[in-house]
Structure formats: structure tokens, C-alpha cells
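Next up, data-v3.txt (compact mmCIF, C-alpha atoms):
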# COMPACT_ATOMS: atom_id res chain seq x y z
CA MET A 1 37.81 -86.99 -17.21
CA LYS A 2 38.89 -84.65 -14.42
CA GLU A 3 38.10 -80.97 -14.95
CA LEU A 4 40.92 -78.58 -14.18
CA THR A 5 39.85 -75.03 -13.30
CA CYS A 6 42.37 -72.32 -14.11
CA VAL A 7 41.47 -68.76 -13.14
CA VAL A 8 43.25 -65.65 -14.43
CA VAL A 9 42.60 -62.46 -12.47
CA GLY A 10 43.06 -59.31 -14.56
CA GLY A 11 42.39 -58.69 -18.23
CA GLY A 12 45.34 -56.42 -18.93
CA HIS A 13 48.26 -57.21 -21.23
CA ALA A 14 49.71 -59.91 -18.96
CA GLY A 15 46.31 -61.43 -18.21
CA ILE A 16 45.14 -61.87 -21.80
CA HIS A 17 48.48 -63.34 -22.84
CA ALA A 18 48.36 -65.72 -19.88
CA VAL A 19 44.95 -66.92 -21.09
CA LYS A 20 46.29 -67.46 -24.61
CA GLU A 21 49.38 -69.34 -23.44
CA ILE A 22 47.43 -71.54 -21.01
CA ARG A 23 45.01 -72.52 -23.79
CA LYS A 24 47.93 -73.34 -26.06
CA ALA A 25 49.72 -75.37 -23.38
CA PHE A 26 46.64 -77.44 -22.56
CA ARG A 27 45.94 -78.42 -26.16
CA ASP A 28 48.50 -81.19 -25.70
CA GLU A 29 46.86 -82.21 -22.41
CA SER A 30 43.34 -82.42 -23.82
CA GLY A 31 43.25 -86.21 -23.42
CA LYS A 32 44.14 -86.00 -19.72
CA HIS A 33 42.18 -83.00 -18.47
CA GLN A 34 39.11 -81.01 -19.35
CA LEU A 35 40.13 -77.39 -18.94
CA ARG A 36 37.82 -74.76 -17.49
CA LEU A 37 39.54 -71.45 -18.16
CA VAL A 38 38.12 -68.38 -16.41
CA LEU A 39 39.12 -64.74 -16.90
CA ILE A 40 38.02 -62.34 -14.14
CA ASP A 41 38.04 -58.57 -14.58
CA LYS A 42 35.89 -55.74 -13.22
CA ASN A 43 35.32 -54.55 -16.80
CA PRO A 44 33.92 -56.47 -19.79
CA TYR A 45 36.75 -55.23 -21.98
CA HIS A 46 40.53 -55.07 -22.28
CA LEU A 47 41.79 -51.49 -22.07
CA ARG A 48 44.96 -50.90 -24.09
CA LYS A 49 46.45 -48.80 -21.30
CA VAL A 50 49.69 -48.14 -23.16
CA LEU A 51 47.60 -46.22 -25.71
CA LEU A 52 45.75 -44.11 -23.15
CA PHE A 53 47.19 -40.95 -24.71
CA ARG A 54 45.28 -41.63 -27.95
CA PRO A 55 41.74 -40.77 -26.73
CA ALA A 56 43.23 -37.55 -25.31
CA VAL A 57 43.84 -36.38 -28.87
CA THR A 58 41.64 -38.46 -31.21
CA ASN A 59 38.40 -40.43 -31.29
CA GLU A 60 40.24 -43.76 -31.23
CA ASP A 61 38.58 -46.49 -29.17
CA ILE A 62 41.19 -48.39 -27.15
CA LYS A 63 38.76 -50.85 -25.56
CA ILE A 64 38.45 -54.41 -26.89
CA PRO A 65 35.57 -56.55 -25.52
CA PHE A 66 36.74 -59.82 -23.98
CA ALA A 67 33.88 -61.57 -25.78
CA LYS A 68 35.46 -60.49 -29.07
CA MET A 69 38.96 -61.54 -28.01
CA PHE A 70 37.81 -64.92 -26.67
CA PRO A 71 34.57 -65.86 -28.46
CA GLU A 72 34.80 -69.43 -27.15
CA GLY A 73 36.72 -71.58 -24.71
CA VAL A 74 37.10 -68.86 -22.06
CA GLU A 75 34.56 -68.04 -19.35
CA ILE A 76 34.42 -64.28 -18.75
CA VAL A 77 33.41 -63.19 -15.25
CA GLN A 78 32.89 -59.50 -14.59
CA ALA A 79 33.68 -59.07 -10.91
CA ALA A 80 36.26 -57.91 -8.38
CA VAL A 81 38.29 -60.29 -6.25
CA VAL A 82 37.61 -59.71 -2.55
CA ASN A 83 39.83 -62.40 -1.06
CA ILE A 84 41.99 -65.41 -1.91
CA GLU A 85 41.60 -68.38 0.42
CA ALA A 86 44.67 -70.29 -0.74
CA GLY A 87 44.29 -73.13 1.74
CA GLU A 88 40.90 -74.01 0.30
CA LYS A 89 41.83 -72.93 -3.26
CA LYS A 90 38.87 -70.59 -3.32
CA LEU A 91 38.22 -67.01 -4.46
CA LEU A 92 35.63 -64.65 -3.03
CA LEU A 93 34.22 -62.39 -5.75
CA ARG A 94 31.94 -59.34 -5.77
CA ASN A 95 30.01 -58.37 -8.92
CA ALA A 96 28.94 -54.88 -10.01
CA ALA A 97 25.65 -55.22 -8.09
CA GLY A 98 27.57 -55.89 -4.88
CA THR A 99 26.65 -59.56 -4.66
CA GLU A 100 29.42 -61.82 -3.36
CA HIS A 101 30.01 -65.43 -4.34
CA ALA A 102 32.82 -67.99 -4.16
CA MET A 103 34.71 -69.74 -6.96
CA ASN A 104 37.00 -72.73 -6.58
CA TYR A 105 40.19 -73.10 -8.60
CA ASP A 106 42.99 -75.57 -9.20
CA MET A 107 45.43 -72.97 -10.52
CA LEU A 108 45.25 -69.22 -10.04
CA VAL A 109 47.17 -66.58 -11.99
CA VAL A 110 47.08 -63.06 -10.53
CA ALA A 111 47.72 -60.50 -13.27
CA ALA A 112 46.07 -57.48 -11.66
CA GLY A 113 48.63 -55.16 -13.22
CA SER A 114 49.19 -51.57 -12.20
CA ILE A 115 47.28 -48.32 -11.91
CA VAL A 116 48.28 -44.83 -12.99
CA ARG A 117 49.68 -42.63 -10.24
CA GLN A 118 47.51 -39.58 -9.66
CA PRO A 119 48.24 -36.20 -8.09
CA ASP A 120 46.40 -34.98 -5.02
CA PRO A 121 43.15 -33.17 -5.97
CA GLU A 122 44.47 -29.84 -4.65
CA GLN A 123 47.30 -30.00 -7.20
CA GLY A 124 44.81 -29.26 -9.97
CA GLY A 125 45.33 -30.19 -13.60
CA LEU A 126 44.08 -33.40 -15.20
CA PRO A 127 45.74 -36.81 -14.77
CA LEU A 128 45.98 -39.07 -17.82
CA ALA A 129 44.72 -42.03 -15.80
CA THR A 130 41.45 -43.35 -17.25
CA MET A 131 39.38 -43.25 -20.42
CA ASP A 132 37.15 -40.58 -18.86
CA SER A 133 40.10 -38.37 -17.92
CA ALA A 134 41.61 -38.79 -21.40
CA LEU A 135 38.36 -37.65 -22.99
CA LYS A 136 38.18 -34.69 -20.60
CA ILE A 137 41.72 -33.66 -21.54
CA ARG A 138 40.71 -33.66 -25.21
CA ASP A 139 37.60 -31.58 -24.46
CA VAL A 140 39.59 -28.99 -22.49
CA TRP A 141 42.31 -28.29 -25.05
CA ARG A 142 39.76 -28.15 -27.88
CA ALA A 143 37.61 -25.72 -25.89
CA ASN A 144 40.71 -23.62 -25.14
CA LEU A 145 41.55 -23.36 -28.85
CA LYS A 146 38.02 -22.20 -29.68
CA LEU A 147 38.30 -19.52 -27.02
CA ALA A 148 41.73 -18.51 -28.30
CA ALA A 149 40.31 -18.05 -31.81
CA THR A 150 38.11 -15.19 -30.54
CA GLU A 151 40.39 -13.85 -27.78
CA ALA A 152 41.58 -10.27 -28.37
CA ASN A 153 44.13 -10.21 -25.55
CA PRO A 154 47.45 -11.65 -26.87
CA GLY A 155 48.60 -12.78 -23.41
CA GLU A 156 45.40 -14.67 -22.69
CA ARG A 157 45.43 -16.16 -26.18
CA ASP A 158 48.96 -17.46 -25.60
CA ARG A 159 47.91 -18.97 -22.26
CA LEU A 160 45.01 -20.83 -23.85
CA MET A 161 47.39 -22.27 -26.44
CA THR A 162 49.91 -23.55 -23.87
CA VAL A 163 49.84 -27.14 -22.57
CA ALA A 164 52.04 -28.43 -19.74
CA ILE A 165 52.80 -32.14 -19.45
CA ALA A 166 53.98 -32.93 -15.91
CA GLY A 167 56.02 -36.14 -15.95
CA ALA A 168 58.50 -37.14 -18.66
CA GLY A 169 58.35 -40.92 -18.58
CA ILE A 170 57.26 -42.96 -21.59
CA SER A 171 53.62 -41.90 -21.16
CA GLY A 172 54.57 -38.23 -20.83
CA MET A 173 56.76 -38.28 -23.94
CA GLU A 174 54.10 -40.02 -26.03
CA THR A 175 51.37 -37.69 -24.79
CA ALA A 176 53.45 -34.58 -25.47
CA SER A 177 54.33 -35.76 -28.99
CA GLU A 178 50.73 -36.61 -29.87
CA MET A 179 49.40 -33.33 -28.48
CA ALA A 180 52.02 -31.33 -30.36
CA TYR A 181 50.67 -32.76 -33.61
CA TYR A 182 46.93 -32.70 -32.97
CA VAL A 183 46.71 -29.40 -31.06
CA ARG A 184 48.61 -27.64 -33.84
CA LYS A 185 46.44 -29.32 -36.47
CA ASP A 186 43.25 -28.07 -34.80
CA ALA A 187 44.76 -24.63 -34.18
CA GLU A 188 45.50 -24.25 -37.88
CA GLN A 189 41.93 -25.25 -38.80
CA LEU A 190 40.63 -22.53 -36.45
CA GLY A 191 42.79 -19.90 -38.13
CA LEU A 192 45.24 -19.65 -35.25
CA ASP A 193 49.00 -19.34 -35.63
CA LEU A 194 50.07 -22.97 -35.11
CA TYR A 195 53.56 -21.79 -34.13
CA LYS A 196 52.03 -20.10 -31.09
CA VAL A 197 51.03 -23.50 -29.68
CA LYS A 198 53.35 -24.46 -26.82
CA ILE A 199 53.68 -28.02 -25.56
CA ASN A 200 56.05 -28.05 -22.58
CA LEU A 201 57.20 -31.37 -21.09
CA TYR A 202 58.46 -31.04 -17.50
CA ASN A 203 61.10 -33.55 -16.46
CA THR A 204 62.27 -33.87 -12.84
CA ASN A 205 65.46 -35.60 -14.02
CA LYS A 206 68.43 -34.06 -15.79
CA ARG A 207 67.75 -35.99 -18.99
CA LEU A 208 65.12 -38.17 -20.60
CA PHE A 209 65.14 -41.95 -20.12
CA PRO A 210 67.58 -41.88 -17.16
CA GLU A 211 67.35 -45.66 -16.74
CA GLY A 212 68.91 -46.16 -20.18
CA PRO A 213 71.95 -44.93 -22.16
CA ALA A 214 72.41 -41.16 -22.39
CA LYS A 215 72.46 -41.29 -26.21
CA VAL A 216 68.94 -42.75 -26.22
CA GLY A 217 67.70 -39.91 -24.02
CA LEU A 218 69.30 -37.35 -26.36
CA LYS A 219 67.73 -39.00 -29.40
CA LEU A 220 64.30 -38.93 -27.76
CA GLU A 221 64.71 -35.25 -26.93
CA ARG A 222 65.67 -34.43 -30.53
CA LEU A 223 62.60 -36.28 -31.80
CA LEU A 224 60.37 -34.39 -29.37
CA LEU A 225 61.94 -31.07 -30.30
CA ASP A 226 61.40 -31.82 -33.99
CA SER A 227 57.71 -32.51 -33.28
CA GLY A 228 57.31 -29.20 -31.47
CA VAL A 229 57.77 -30.21 -27.81
CA LYS A 230 59.97 -28.23 -25.44
CA VAL A 231 61.55 -30.38 -22.71
CA VAL A 232 62.21 -28.60 -19.41
CA HIS A 233 64.74 -30.64 -17.41
CA GLY A 234 65.27 -30.59 -13.63
CA SER A 235 61.87 -29.05 -13.12
CA ARG A 236 59.11 -30.46 -10.92
CA VAL A 237 55.53 -29.26 -11.22
CA LEU A 238 53.86 -28.69 -7.85
CA ARG A 239 50.37 -27.64 -8.90
CA GLU A 240 48.17 -25.88 -11.42
CA THR A 241 45.44 -23.55 -10.21
CA GLY A 242 43.49 -20.95 -12.15
CA GLY A 243 45.68 -21.29 -15.23
CA LYS A 244 48.89 -20.77 -13.25
CA LEU A 245 51.54 -23.49 -13.11
CA THR A 246 53.76 -23.48 -10.01
CA LEU A 247 57.15 -25.23 -10.11
CA ALA A 248 59.25 -26.47 -7.18
CA SER A 249 61.72 -23.66 -7.92
CA GLY A 250 59.00 -21.12 -7.11
CA GLU A 251 58.66 -20.08 -10.75
CA THR A 252 55.13 -19.71 -12.13
CA GLN A 253 53.92 -19.97 -15.71
CA SER A 254 50.60 -19.36 -17.43
CA VAL A 255 49.02 -22.46 -19.00
CA GLY A 256 45.68 -23.39 -20.50
CA LEU A 257 45.98 -27.03 -19.47
CA CYS A 258 48.18 -29.16 -17.22
CA VAL A 259 48.27 -32.92 -17.87
CA TRP A 260 49.79 -35.19 -15.23
CA THR A 261 51.63 -38.29 -16.48
CA LEU A 262 53.16 -39.66 -13.29
CA GLY A 263 53.81 -43.28 -14.22
CA LEU A 264 52.48 -46.50 -12.73
CA GLN A 265 52.24 -48.23 -9.37
CA PRO A 266 51.17 -51.80 -8.48
CA ASN A 267 47.42 -52.31 -8.12
CA PRO A 268 46.60 -51.46 -4.45
CA MET A 269 44.04 -54.28 -4.30
CA LEU A 270 46.86 -56.85 -4.14
CA SER A 271 47.53 -56.46 -0.42
CA LYS A 272 43.82 -56.41 0.36
CA ILE A 273 43.07 -59.85 -1.06
CA GLY A 274 45.54 -61.81 1.03
CA LEU A 275 48.73 -61.66 -1.03
CA THR A 276 52.17 -60.98 0.45
CA VAL A 277 53.55 -57.79 -1.09
CA THR A 278 56.80 -55.83 -0.93
CA GLY A 279 57.07 -52.37 0.60
CA GLU A 280 56.38 -50.94 -2.85
CA GLY A 281 53.25 -53.06 -3.21
CA TYR A 282 54.48 -55.79 -5.60
CA VAL A 283 53.48 -59.44 -5.15
CA MET A 284 56.39 -61.52 -3.87
CA ILE A 285 57.13 -64.37 -6.32
CA ASP A 286 59.98 -66.75 -7.09
CA SER A 287 61.70 -67.23 -10.45
CA SER A 288 58.87 -69.55 -11.55
CA TYR A 289 56.22 -66.87 -10.80
CA ARG A 290 54.92 -68.80 -7.77
CA VAL A 291 53.44 -66.66 -5.00
CA GLN A 292 55.18 -67.23 -1.69
CA GLY A 293 53.17 -69.38 0.72
CA MET A 294 50.29 -70.04 -1.68
CA GLN A 295 50.24 -73.38 -3.45
CA GLY A 296 48.84 -73.24 -6.96
CA VAL A 297 48.92 -69.42 -7.07
CA TYR A 298 51.09 -67.53 -9.56
CA SER A 299 51.52 -63.86 -10.41
CA ILE A 300 52.85 -62.15 -13.53
CA GLY A 301 53.07 -58.72 -15.10
CA ASP A 302 53.36 -55.24 -13.57
CA CYS A 303 52.04 -56.41 -10.21
CA ALA A 304 54.74 -59.01 -9.54
CA LYS A 305 58.36 -58.81 -8.48
CA VAL A 306 61.14 -61.38 -8.26
CA VAL A 307 63.64 -60.57 -5.51
CA ASP A 308 67.13 -62.03 -5.83
CA PRO A 309 67.82 -63.71 -2.45
CA HIS A 310 71.56 -62.93 -2.77
CA THR A 311 71.31 -59.23 -3.60
CA GLY A 312 67.82 -58.30 -2.36

Starting from the coordinates I provided, produce the structure as C-alpha cells.
Amino acid sequence: MKELTCVVVGGGHAGIHAVKEIRKAFRDESGKHQLRLVLIDKNPYHLRKVLLFRPAVTNEDIKIPFAKMFPEGVEIVQAAVVNIEAGEKKLLLRNAAGTEHAMNYDMLVVAAGSIVRQPDPEQGGLPLATMDSALKIRDVWRANLKLAATEANPGERDRLMTVAIAGAGISGMETASEMAYYVRKDAEQLGLDLYKVKINLYNTNKRLFPEGPAKVGLKLERLLLDSGVKVVHGSRVLRETGGKLTLASGETQSVGLCVWTLGLQPNPMLSKIGLTVTGEGYVMIDSSYRVQGMQGVYSIGDCAKVVDPHTG
């Protein structure tokens, strides 16, 4: 019986669901092919990236080991893809130790996803981009509250109890809402006036959720306001240095913490491994998810983009 090797690159949301669907689809083909299903990721776990705001406020673990998700039937390879040689249907991989090796495939699914946009280092603040940065954000606001509990100067106490969220997309709104609850909860336990806690969400647009109906944006703002979040519209944060937040308008404000939530961008590794990408960095695919010019190669998820040939 011929063995068919299917490789999925990327263990994010799209990648793990691709693995599940491929397994399901090949159950009916079990008499024709023996399936070798391989999942490649640089980490041994799936990170629930959409919940990245949770470790910034709680002890919740948002990592799920691939071995737990796929205890059998899926080969887990912890490595990074260096290059795709589509003509030979071969991948070049590099493991954590830096050793490179090749892997052949019959079908390849690239689901490398996206990464969180980060500010330049000189802009200060902390980006909500990784597990480590989320944990650091939690450590900073908790340390600030402890300092505020013993601070005699009212102005400095207010600064320590003020959090700025720069970026009002979905991640920014969720982060602001969660922080409004947990920062106030901890402030109350430390004997601080919970109503002195300020969570300010800075939005460069004129309203929330500009890509959707205005009524949805208004509803989201009411929910945030009810949870204790102040939304500042038409305001772009430039930087945070020494506890001072500087806006594009030239206005400055005192803050204890600035959290950047700048949205997502396609994984920059896509163009480096031989794939054709758009100007924005998305993999070029057709309506069947096939990568242009690469037989047997598909791409799905945040990293891929279908371009309508009639409208562009």
C-alpha cells in the first residue's frame, strides 16, 4: 500500500484544524493509502493566541501540548522550516539545536499564521505579543499596586494606578476589559480605592470596530464603559518613557504602565522559505487554497490571501 505523506506547517488554530480535517478525510481512503501525517512547529505546544490577554491578568495556562492534542496518528516535529523545494516536494528543516535535515512530502499545508505587531524598542511600554511579555505585564501592574498602597504622594499614587492600552482592536478591547476587572480586584484587596484605578484604551479611529456597523462599535464602547474602561478616540500613542505617555497630538499623560496591542501581521518567515507573497506579506493562493506555482502546496489561515482576479 502506498504511503502518502502530508505535512502541516504551523500548529496554530488553522494548523491544528487542518490536521483534524485531513485525518477525518482520509478515514474513507484508508484502504487506498497509508497516511503519514506530520505536524511541524517550532514549539511543542499549541498557544491559544486569541487568549494571550489572560496570562496578563491571571495564572491561566494557554499552552496545550501537541502530544496531548494528538496522542496518536500524528507525527510531531519540533523544528523551523528553512526552505520549500516544491519541484522536489521537499522541505529543509532546522531543529532547536541548529541541525538541518530534509523531509519529503506528497502534500504540504502551510499554516504559519501571523505574529503580533510590536512597537519599536524606543517607544517604551510593553507589547502583548508573547507569553513572556504577558507575564511581565502582569508583574508590572501588580508591583505598581503594591507601591501605590504605601505611596503618600496622591499624584504618584494615581500614576501607579493608571494603565494605558495602546491599540483598540479586538485584542486591545479584551485586554482593557480584563485588566479593568482584575486590577480593580487586586487594588481593593490591597486597601486601595478601586475607583481610582484608570484603564484608558487609546483608539486611533473615530469609533470602535470601524470595519463593522456603527451600532456594534457603540455597543462595545458601552460594555467597556460599564466595565470601567475609558475609550479615547482619535488618539494615537507615540511612546511611553519614564511613566509619561506621549500622544500624536503632543499631549502627555502620567501612566504606571503602557500596554501595546497593535494587531497582527503575516508571519515574516513566509517570504524567506520560497513562497510568493503579496506586498503585505500574505501567501498568494487561489480559491482552492493552492499556492501559486507550487504543485501539492496549500496555505490556509492568517498567512494566506485570495485575490479576486477581477477586482484585485

Counting all atoms listed in the file, which of A:Glu3, A:Ala168, A:Ile22, A:Ser299 gets nearest to Asp106 (chain A)? A:Glu3

Contacts of Val163 (chain A) at 6 Å (all atoms listed in the file; same-chain gap of 2+ positions) as a PyMOL selection string: chain A and resi 199+255-258

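In terms of minimum interatomic distance to Gly279 (chain A), A:Lys305 ranks closest within A:Lys49, A:Lys305, A:Lys63, A:Arg239, counting all atoms listed in the file.
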
Can you work out which one of A:Leu192, A:Ile40, A:Val231, A:Ala129 has the shortest atom-to-atom distance to Leu93 (chain A), counting only C-alpha atoms? A:Ile40

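Nearest residue to Leu201 (chain A), choosing from A:Val216, A:Leu224, A:Leu128, A:Cys303 and counting all atoms listed in the file: A:Leu224.
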
Taking only residues of region 83-135 of chain A that have an atom at most 12 Å from an atom of region 265-275 of chain A, what is each one's shortest atom pair and its distance in Å to one decimal, using all atoms listed in the file, in chain and number order, as JSON lines?
{"residue": "A:Asn83", "atom": "CA", "partner": "A:Ile273", "partner_atom": "CA", "distance": 4.1}
{"residue": "A:Ile84", "atom": "CA", "partner": "A:Ile273", "partner_atom": "CA", "distance": 5.7}
{"residue": "A:Glu85", "atom": "CA", "partner": "A:Gly274", "partner_atom": "CA", "distance": 7.7}
{"residue": "A:Ala86", "atom": "CA", "partner": "A:Gly274", "partner_atom": "CA", "distance": 8.7}
{"residue": "A:Gly87", "atom": "CA", "partner": "A:Gly274", "partner_atom": "CA", "distance": 11.4}
{"residue": "A:Lys90", "atom": "CA", "partner": "A:Ile273", "partner_atom": "CA", "distance": 11.8}
{"residue": "A:Leu91", "atom": "CA", "partner": "A:Ile273", "partner_atom": "CA", "distance": 9.3}
{"residue": "A:Leu92", "atom": "CA", "partner": "A:Ile273", "partner_atom": "CA", "distance": 9.1}
{"residue": "A:Leu93", "atom": "CA", "partner": "A:Ile273", "partner_atom": "CA", "distance": 10.3}
{"residue": "A:Val110", "atom": "CA", "partner": "A:Leu270", "partner_atom": "CA", "distance": 8.9}
{"residue": "A:Ala111", "atom": "CA", "partner": "A:Asn267", "partner_atom": "CA", "distance": 9.7}
{"residue": "A:Ala112", "atom": "CA", "partner": "A:Asn267", "partner_atom": "CA", "distance": 6.4}
{"residue": "A:Gly113", "atom": "CA", "partner": "A:Asn267", "partner_atom": "CA", "distance": 6.0}
{"residue": "A:Ser114", "atom": "CA", "partner": "A:Pro266", "partner_atom": "CA", "distance": 4.2}
{"residue": "A:Ile115", "atom": "CA", "partner": "A:Asn267", "partner_atom": "CA", "distance": 5.5}
{"residue": "A:Val116", "atom": "CA", "partner": "A:Gln265", "partner_atom": "CA", "distance": 6.4}
{"residue": "A:Arg117", "atom": "CA", "partner": "A:Gln265", "partner_atom": "CA", "distance": 6.2}
{"residue": "A:Gln118", "atom": "CA", "partner": "A:Gln265", "partner_atom": "CA", "distance": 9.9}
{"residue": "A:Ala129", "atom": "CA", "partner": "A:Gln265", "partner_atom": "CA", "distance": 11.7}

Expected residue set, 10 Å radius at (42.9, -74.1, -25.9), all atoms listed in the file, as number ranges by chain: A: 19-30, 35-37, 72-74

Using CA of Ala248 (chain A) and CA of Thr162 (chain A) as the two end points, give the distance in Å to one decimal.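 CA of Thr162 (chain A) lies 19.3 Å from CA of Ala248 (chain A).
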
Enter the distance from CA of Phe53 (chain A) to CA of Ser254 (chain A), in Å, rounded to one decimal.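 Computing it gives 23.0 Å between the two atoms.
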
Identify which of the residues A:Glu221, A:Asp286, A:Asp41, A:Glu122 lies closest to Ala79 (chain A), counting only C-alpha atoms when measuring atom-to-atom distances. A:Asp41

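Here CA of Val77 (chain A) stands at a distance of 24.6 Å from CA of Thr276 (chain A).
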
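Every protein or nucleic acid residue with an atom no more than 10 Å from Leu160 (chain A), counting only C-alpha atoms and leaving out same-chain residues fewer than 4 positions away, appears here: Val140, Trp141, Arg142, Ala143, Asn144, Leu145, Lys146, Leu147, Ala148, Ala149, Glu151, Pro154, Gly155, Glu156, Val197, Lys198, Gly243, Ser254, Val255, Gly256 and Leu257 of chain A.
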
Just-selected residues, C-alpha atoms written as a JSON list (two decimals), in the frame of the given file:
[["chain", "number", "residue", "atom", "x", "y", "z"],
["A", 140, "VAL", "CA", 39.59, -28.99, -22.49],
["A", 141, "TRP", "CA", 42.31, -28.29, -25.05],
["A", 142, "ARG", "CA", 39.76, -28.15, -27.88],
["A", 143, "ALA", "CA", 37.61, -25.72, -25.89],
["A", 144, "ASN", "CA", 40.71, -23.62, -25.14],
["A", 145, "LEU", "CA", 41.55, -23.36, -28.85],
["A", 146, "LYS", "CA", 38.02, -22.20, -29.68],
["A", 147, "LEU", "CA", 38.30, -19.52, -27.02],
["A", 148, "ALA", "CA", 41.73, -18.51, -28.30],
["A", 149, "ALA", "CA", 40.31, -18.05, -31.81],
["A", 151, "GLU", "CA", 40.39, -13.85, -27.78],
["A", 154, "PRO", "CA", 47.45, -11.65, -26.87],
["A", 155, "GLY", "CA", 48.60, -12.78, -23.41],
["A", 156, "GLU", "CA", 45.40, -14.67, -22.69],
["A", 197, "VAL", "CA", 51.03, -23.50, -29.68],
["A", 198, "LYS", "CA", 53.35, -24.46, -26.82],
["A", 243, "GLY", "CA", 45.68, -21.29, -15.23],
["A", 254, "SER", "CA", 50.60, -19.36, -17.43],
["A", 255, "VAL", "CA", 49.02, -22.46, -19.00],
["A", 256, "GLY", "CA", 45.68, -23.39, -20.50],
["A", 257, "LEU", "CA", 45.98, -27.03, -19.47]]

Can I get N, CA and C atoms for region 147-163 of chain A, as a PDB file, in the first residue's frame?
ATOM      1  N   LEU A 147       3.199  49.292  45.295  1.00  0.00           N
ATOM      2  CA  LEU A 147       3.841  50.579  45.563  1.00  0.00           C
ATOM      3  C   LEU A 147       2.803  51.647  45.889  1.00  0.00           C
ATOM      4  N   ALA A 148       1.698  51.615  45.160  1.00  0.00           N
ATOM      5  CA  ALA A 148       0.635  52.609  45.383  1.00  0.00           C
ATOM      6  C   ALA A 148       0.050  52.490  46.785  1.00  0.00           C
ATOM      7  N   ALA A 149       0.012  51.280  47.314  1.00  0.00           N
ATOM      8  CA  ALA A 149      -0.570  51.052  48.645  1.00  0.00           C
ATOM      9  C   ALA A 149       0.223  51.732  49.749  1.00  0.00           C
ATOM     10  N   THR A 150       1.497  52.044  49.482  1.00  0.00           N
ATOM     11  CA  THR A 150       2.335  52.693  50.508  1.00  0.00           C
ATOM     12  C   THR A 150       2.775  54.095  50.082  1.00  0.00           C
ATOM     13  N   GLU A 151       2.287  54.550  48.919  1.00  0.00           N
ATOM     14  CA  GLU A 151       2.700  55.853  48.388  1.00  0.00           C
ATOM     15  C   GLU A 151       1.913  56.988  49.053  1.00  0.00           C
ATOM     16  N   ALA A 152       2.638  57.965  49.598  1.00  0.00           N
ATOM     17  CA  ALA A 152       1.996  59.082  50.299  1.00  0.00           C
ATOM     18  C   ALA A 152       1.587  60.198  49.342  1.00  0.00           C
ATOM     19  N   ASN A 153       2.286  60.309  48.228  1.00  0.00           N
ATOM     20  CA  ASN A 153       2.003  61.378  47.266  1.00  0.00           C
ATOM     21  C   ASN A 153       0.793  60.989  46.416  1.00  0.00           C
ATOM     22  N   PRO A 154      -0.318  61.738  46.493  1.00  0.00           N
ATOM     23  CA  PRO A 154      -1.533  61.389  45.738  1.00  0.00           C
ATOM     24  C   PRO A 154      -1.321  61.328  44.230  1.00  0.00           C
ATOM     25  N   GLY A 155      -0.507  62.244  43.687  1.00  0.00           N
ATOM     26  CA  GLY A 155      -0.267  62.270  42.250  1.00  0.00           C
ATOM     27  C   GLY A 155       0.480  61.034  41.783  1.00  0.00           C
ATOM     28  N   GLU A 156       1.496  60.639  42.533  1.00  0.00           N
ATOM     29  CA  GLU A 156       2.257  59.451  42.176  1.00  0.00           C
ATOM     30  C   GLU A 156       1.420  58.196  42.356  1.00  0.00           C
ATOM     31  N   ARG A 157       0.580  58.191  43.377  1.00  0.00           N
ATOM     32  CA  ARG A 157      -0.310  57.045  43.599  1.00  0.00           C
ATOM     33  C   ARG A 157      -1.279  56.895  42.415  1.00  0.00           C
ATOM     34  N   ASP A 158      -1.811  57.988  41.950  1.00  0.00           N
ATOM     35  CA  ASP A 158      -2.717  57.941  40.799  1.00  0.00           C
ATOM     36  C   ASP A 158      -2.004  57.428  39.552  1.00  0.00           C
ATOM     37  N   ARG A 159      -0.750  57.872  39.370  1.00  0.00           N
ATOM     38  CA  ARG A 159       0.016  57.406  38.200  1.00  0.00           C
ATOM     39  C   ARG A 159       0.207  55.897  38.241  1.00  0.00           C
ATOM     40  N   LEU A 160       0.567  55.372  39.393  1.00  0.00           N
ATOM     41  CA  LEU A 160       0.799  53.936  39.535  1.00  0.00           C
ATOM     42  C   LEU A 160      -0.465  53.115  39.289  1.00  0.00           C
ATOM     43  N   MET A 161      -1.616  53.749  39.462  1.00  0.00           N
ATOM     44  CA  MET A 161      -2.887  53.042  39.293  1.00  0.00           C
ATOM     45  C   MET A 161      -3.530  53.310  37.928  1.00  0.00           C
ATOM     46  N   THR A 162      -2.734  53.859  37.002  1.00  0.00           N
ATOM     47  CA  THR A 162      -3.237  54.166  35.659  1.00  0.00           C
ATOM     48  C   THR A 162      -2.568  53.261  34.628  1.00  0.00           C
ATOM     49  N   VAL A 163      -3.386  52.615  33.800  1.00  0.00           N
ATOM     50  CA  VAL A 163      -2.896  51.729  32.743  1.00  0.00           C
ATOM     51  C   VAL A 163      -3.399  52.246  31.404  1.00  0.00           C
TER      52      VAL A 163
END
